[in-house]
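Read the structure below first, then the notes.
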Amino acid sequence: MRTFYITIAAIFFGLALTNAQTTVYPTDDMTTQTGSSGMMPTDEELWIANWDAMQNYHQTLIKFDLSQYTGQTITSAKLKIYQFFHAPDGSPTPAKIFAVTEDWDETTWPTSSNVTHGTSEYATPEFTSTLGWYEVDISSLVNEWLSETISNYGLVIIANSGTKFAEFYSKDAADNHPYLEIEGITGVNDVNTTADFSVFPNPVNQSATININLSANENVEISIYNSIGSKVKSICNKNFTAGKNSVTFTRENLSTGMYFIRIQINNTIINSKIIIK
């Protein structure tokens with residue numbers, strides 16, 4: 001088994017990009033209600049509603065622990081949630097998903113208080129009278145959590161004004177729990193590959209250099225990806241000789257912000273965060 005040595009600050013042990021799909025279940029989920037109706041779900045349920053006539057202003061909070069994936073860029077993240085009840089008149093319940101901006105947990109947060117949230121709408125699902133599983137794409141939100149552009153305090157689902165109940169199973173239900181399905185996560189396996197690399201300077205102003213030290217001749221592909229997992233720049237894809245190597249790239253056509261350098265050596269892929277300023 002060949003070992004690649006690349007001079008840098010952060011070390012990743014045995015990382016290989018598998019385009020794997022992984023499932024993450026909530027650490028916390030709950031419903032808050034600021035209206036006066038007194039209607040509240042059980043621990044096994046999550047509700048959303050925004051109906052003045054009944055003073056039902058239910059919001060659903062869901063939090064996932066994604067700390068083990070910090071610094072990675074995923075290709076897809078889908079929130080899966082099971083609706084078991086809907087307003088009997090069949091009217092749809094359109095909603096919006098926002099990032100929560102303060103910490104909370106289901107055991108101590110008061111159900112009569114709403115959490116604060118950002119203004120960006122990361123998804124606009126519509127829940128109809130059809131019961132069963134719903135899939136909501138929140139890839140951009142998850143990538144912002146993983147890149148630490150925003151803190152991961154979870155998400156809130158808020159029904160549009162004037163809409164009646166949509167009710168879902170919570171993580172405490174007997175089955176059909178909500179979950180997050182992530183694709184493109186970097187998997188950790190048993191290979192004895194140790195690899196790390198450096199980008200200097202970082203943050204990058206006009207240009208930067210990547211230094212690579214290989215134990216054997218290898219093909220190396222280096223690219224830059226943005227925070228939502230799209231390739232925005234190819235730096236090189238060529239054979240490198242054993243020993244010390246370096247390649248320089250410019251920030252041409254890259255706006256200010258957070259990016260990821262991705263180095264692929266055979267089947268091993270390593271990602272590292274960079275800042276363009």
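Each chain in the structure tokens gets a letter, A, B, ..., in the order shown, and its residues are numbered from 1; ligands are numbered from 1 in order too.
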
Self-check item: Long-range neighbours of region 161-169 of chain A as a ChimeraX atom specification, 9 Å cut-off, only C-alpha atoms, 5 positions minimum in chain
Solution: /A:41,44-53,56,58,81-88,91-95,127-129,174-178

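Residues within 10 Å of Tyr259 (chain A), counting only C-alpha atoms and excluding same-chain residues fewer than 5 positions away, are Gly71, Thr73, Ser147, Ile224, Tyr225, Asn226, Ser227, Ile228, Gly229, Ser230, Lys231, Val232, Leu254, Asn271, Ser272, Lys273, Ile274, Ile275 and Ile276 of chain A.
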
Exercise. Within region 35-242 of chain A, find each residue whose DSSP state, derived from the backbone, is strand (DSSP E or B), and express the selection as number ranges by chain.
Key: A: 45-51, 56, 58-63, 76-86, 93-100, 117, 123, 126-127, 132-137, 155-159, 163-169, 179-188, 194-195, 198-200, 204, 207-214, 218-226, 231-240

Can you write just those residues out, C-alpha atoms, as a compact mmCIF listing (two decimals), in the first residue's frame?
```
# COMPACT_ATOMS: atom_id res chain seq x y z
CA GLU A 45 -45.66 14.43 16.79
CA LEU A 46 -44.54 17.64 15.08
CA TRP A 47 -47.08 20.21 13.86
CA ILE A 48 -47.06 23.29 11.66
CA ALA A 49 -49.96 25.74 11.27
CA ASN A 50 -50.48 29.47 10.87
CA TRP A 51 -54.22 29.97 11.28
CA ASN A 56 -52.80 28.04 15.91
CA HIS A 58 -47.28 26.03 15.39
CA GLN A 59 -43.67 25.85 14.21
CA THR A 60 -41.48 22.74 13.99
CA LEU A 61 -37.82 22.70 15.03
CA ILE A 62 -35.38 19.98 13.97
CA LYS A 63 -31.67 19.72 14.81
CA SER A 76 -27.22 16.56 -1.86
CA ALA A 77 -29.09 16.75 1.45
CA LYS A 78 -32.78 15.82 1.63
CA LEU A 79 -34.97 16.23 4.69
CA LYS A 80 -37.40 13.29 4.83
CA ILE A 81 -40.48 13.83 6.96
CA TYR A 82 -43.66 11.74 7.28
CA GLN A 83 -47.02 13.50 7.33
CA PHE A 84 -49.66 11.41 9.13
CA PHE A 85 -52.48 14.00 9.36
CA HIS A 86 -53.61 16.98 7.32
CA THR A 93 -50.08 23.85 3.87
CA PRO A 94 -47.28 25.70 2.09
CA ALA A 95 -44.31 26.42 4.32
CA LYS A 96 -40.80 27.87 4.48
CA ILE A 97 -37.61 26.50 6.02
CA PHE A 98 -35.19 28.85 7.76
CA ALA A 99 -31.94 28.38 9.67
CA VAL A 100 -32.32 28.77 13.43
CA HIS A 117 -34.18 32.47 12.69
CA ALA A 123 -36.76 25.57 0.97
CA GLU A 126 -45.95 22.41 0.27
CA PHE A 127 -47.73 19.73 2.27
CA GLY A 132 -46.87 9.82 3.70
CA TRP A 133 -43.25 10.76 3.13
CA TYR A 134 -42.23 14.21 1.90
CA GLU A 135 -38.74 15.04 0.64
CA VAL A 136 -37.34 18.56 0.98
CA ASP A 137 -34.03 19.59 -0.58
CA LEU A 155 -33.90 24.46 11.11
CA VAL A 156 -37.43 25.68 11.63
CA ILE A 157 -40.43 24.87 9.42
CA ILE A 158 -42.99 27.68 9.39
CA ALA A 159 -46.37 27.43 7.67
CA THR A 163 -52.81 27.85 6.45
CA LYS A 164 -54.11 24.96 8.56
CA PHE A 165 -52.50 21.91 10.10
CA ALA A 166 -49.91 19.56 8.69
CA GLU A 167 -48.78 17.00 11.27
CA PHE A 168 -45.69 14.77 11.16
CA TYR A 169 -44.07 12.03 13.17
CA TYR A 179 -34.21 12.01 8.96
CA LEU A 180 -31.62 13.69 6.77
CA GLU A 181 -30.33 11.80 3.73
CA ILE A 182 -26.93 13.08 2.60
CA GLU A 183 -25.14 12.12 -0.62
CA GLY A 184 -21.53 12.78 -1.55
CA ILE A 185 -20.21 12.58 1.98
CA THR A 186 -16.60 11.51 2.32
CA GLY A 187 -16.45 8.06 3.88
CA VAL A 188 -13.76 6.80 6.26
CA THR A 194 -2.17 9.20 5.47
CA ALA A 195 -2.56 12.41 3.47
CA SER A 198 -1.06 22.89 2.52
CA VAL A 199 -2.30 25.99 0.76
CA PHE A 200 -0.24 29.12 1.31
CA VAL A 204 -5.93 33.81 -0.63
CA SER A 207 -2.68 33.60 -5.79
CA ALA A 208 -1.61 30.67 -3.62
CA THR A 209 0.65 27.63 -3.81
CA ILE A 210 -0.15 24.01 -2.96
CA ASN A 211 2.86 21.94 -1.84
CA ILE A 212 2.76 18.17 -2.33
CA ASN A 213 5.32 15.53 -1.34
CA LEU A 214 4.70 12.08 -2.86
CA GLU A 218 1.11 9.52 -9.05
CA ASN A 219 -1.62 11.22 -11.02
CA VAL A 220 -2.96 14.19 -9.07
CA GLU A 221 -6.15 16.12 -9.80
CA ILE A 222 -6.72 19.42 -7.97
CA SER A 223 -9.96 21.42 -8.14
CA ILE A 224 -11.82 24.15 -6.28
CA TYR A 225 -15.46 23.73 -5.20
CA ASN A 226 -17.87 26.31 -3.84
CA LYS A 231 -16.77 22.71 -9.14
CA VAL A 232 -15.78 26.27 -10.00
CA LYS A 233 -12.15 25.88 -11.04
CA SER A 234 -9.82 23.10 -12.23
CA ILE A 235 -6.23 23.66 -11.18
CA CYS A 236 -4.52 20.60 -12.66
CA ASN A 237 -4.90 16.94 -13.61
CA LYS A 238 -1.49 15.48 -14.37
CA ASN A 239 1.24 13.08 -13.30
CA PHE A 240 3.44 14.23 -10.43
```

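Proximity ranking of A:Ser140, A:Thr31, A:Met54, A:Gly257 relative to Thr107 (chain A) places A:Thr31 first, based on only C-alpha atoms.
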
Self-check item: Backbone-only DSSP, alpha helix (DSSP H) members of region 72-215 of chain A, as a PyMOL selection string
Solution: chain A and resi 139-146

Since we have the selection now, will you write its residues out, keeping N, CA and C atoms, as an mmCIF file, in the first residue's frame?
```cif
data_model
loop_
_atom_site.group_PDB
_atom_site.id
_atom_site.type_symbol
_atom_site.label_atom_id
_atom_site.label_comp_id
_atom_site.auth_asym_id
_atom_site.auth_seq_id
_atom_site.Cartn_x
_atom_site.Cartn_y
_atom_site.Cartn_z
ATOM 1 N N SER A 139 -29.972 21.145 0.587
ATOM 2 C CA SER A 139 -28.536 20.998 0.327
ATOM 3 C C SER A 139 -27.766 22.272 0.635
ATOM 4 N N SER A 140 -28.295 23.420 0.229
ATOM 5 C CA SER A 140 -27.561 24.674 0.439
ATOM 6 C C SER A 140 -27.412 24.982 1.921
ATOM 7 N N LEU A 141 -28.462 24.697 2.699
ATOM 8 C CA LEU A 141 -28.381 24.932 4.140
ATOM 9 C C LEU A 141 -27.353 24.013 4.785
ATOM 10 N N VAL A 142 -27.362 22.743 4.451
ATOM 11 C CA VAL A 142 -26.415 21.794 5.046
ATOM 12 C C VAL A 142 -24.985 22.168 4.683
ATOM 13 N N ASN A 143 -24.739 22.574 3.441
ATOM 14 C CA ASN A 143 -23.380 22.972 3.065
ATOM 15 C C ASN A 143 -22.932 24.214 3.820
ATOM 16 N N GLU A 144 -23.850 25.120 4.120
ATOM 17 C CA GLU A 144 -23.474 26.283 4.929
ATOM 18 C C GLU A 144 -23.144 25.866 6.358
ATOM 19 N N TRP A 145 -23.875 24.897 6.888
ATOM 20 C CA TRP A 145 -23.527 24.374 8.216
ATOM 21 C C TRP A 145 -22.144 23.736 8.193
ATOM 22 N N LEU A 146 -21.884 22.896 7.186
ATOM 23 C CA LEU A 146 -20.616 22.156 7.143
ATOM 24 C C LEU A 146 -19.427 23.079 6.915
#
```

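A straight line drawn from CA of Gly243 (chain A) to CA of Phe260 (chain A) is 24.4 Å long.
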
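Interatomic distance, CA of Asp28 (chain A) to CA of Asp105 (chain A): 6.1 Å.
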
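Across the structure, CA of Val115 (chain A) and CA of Glu102 (chain A) are spaced 6.8 Å apart.
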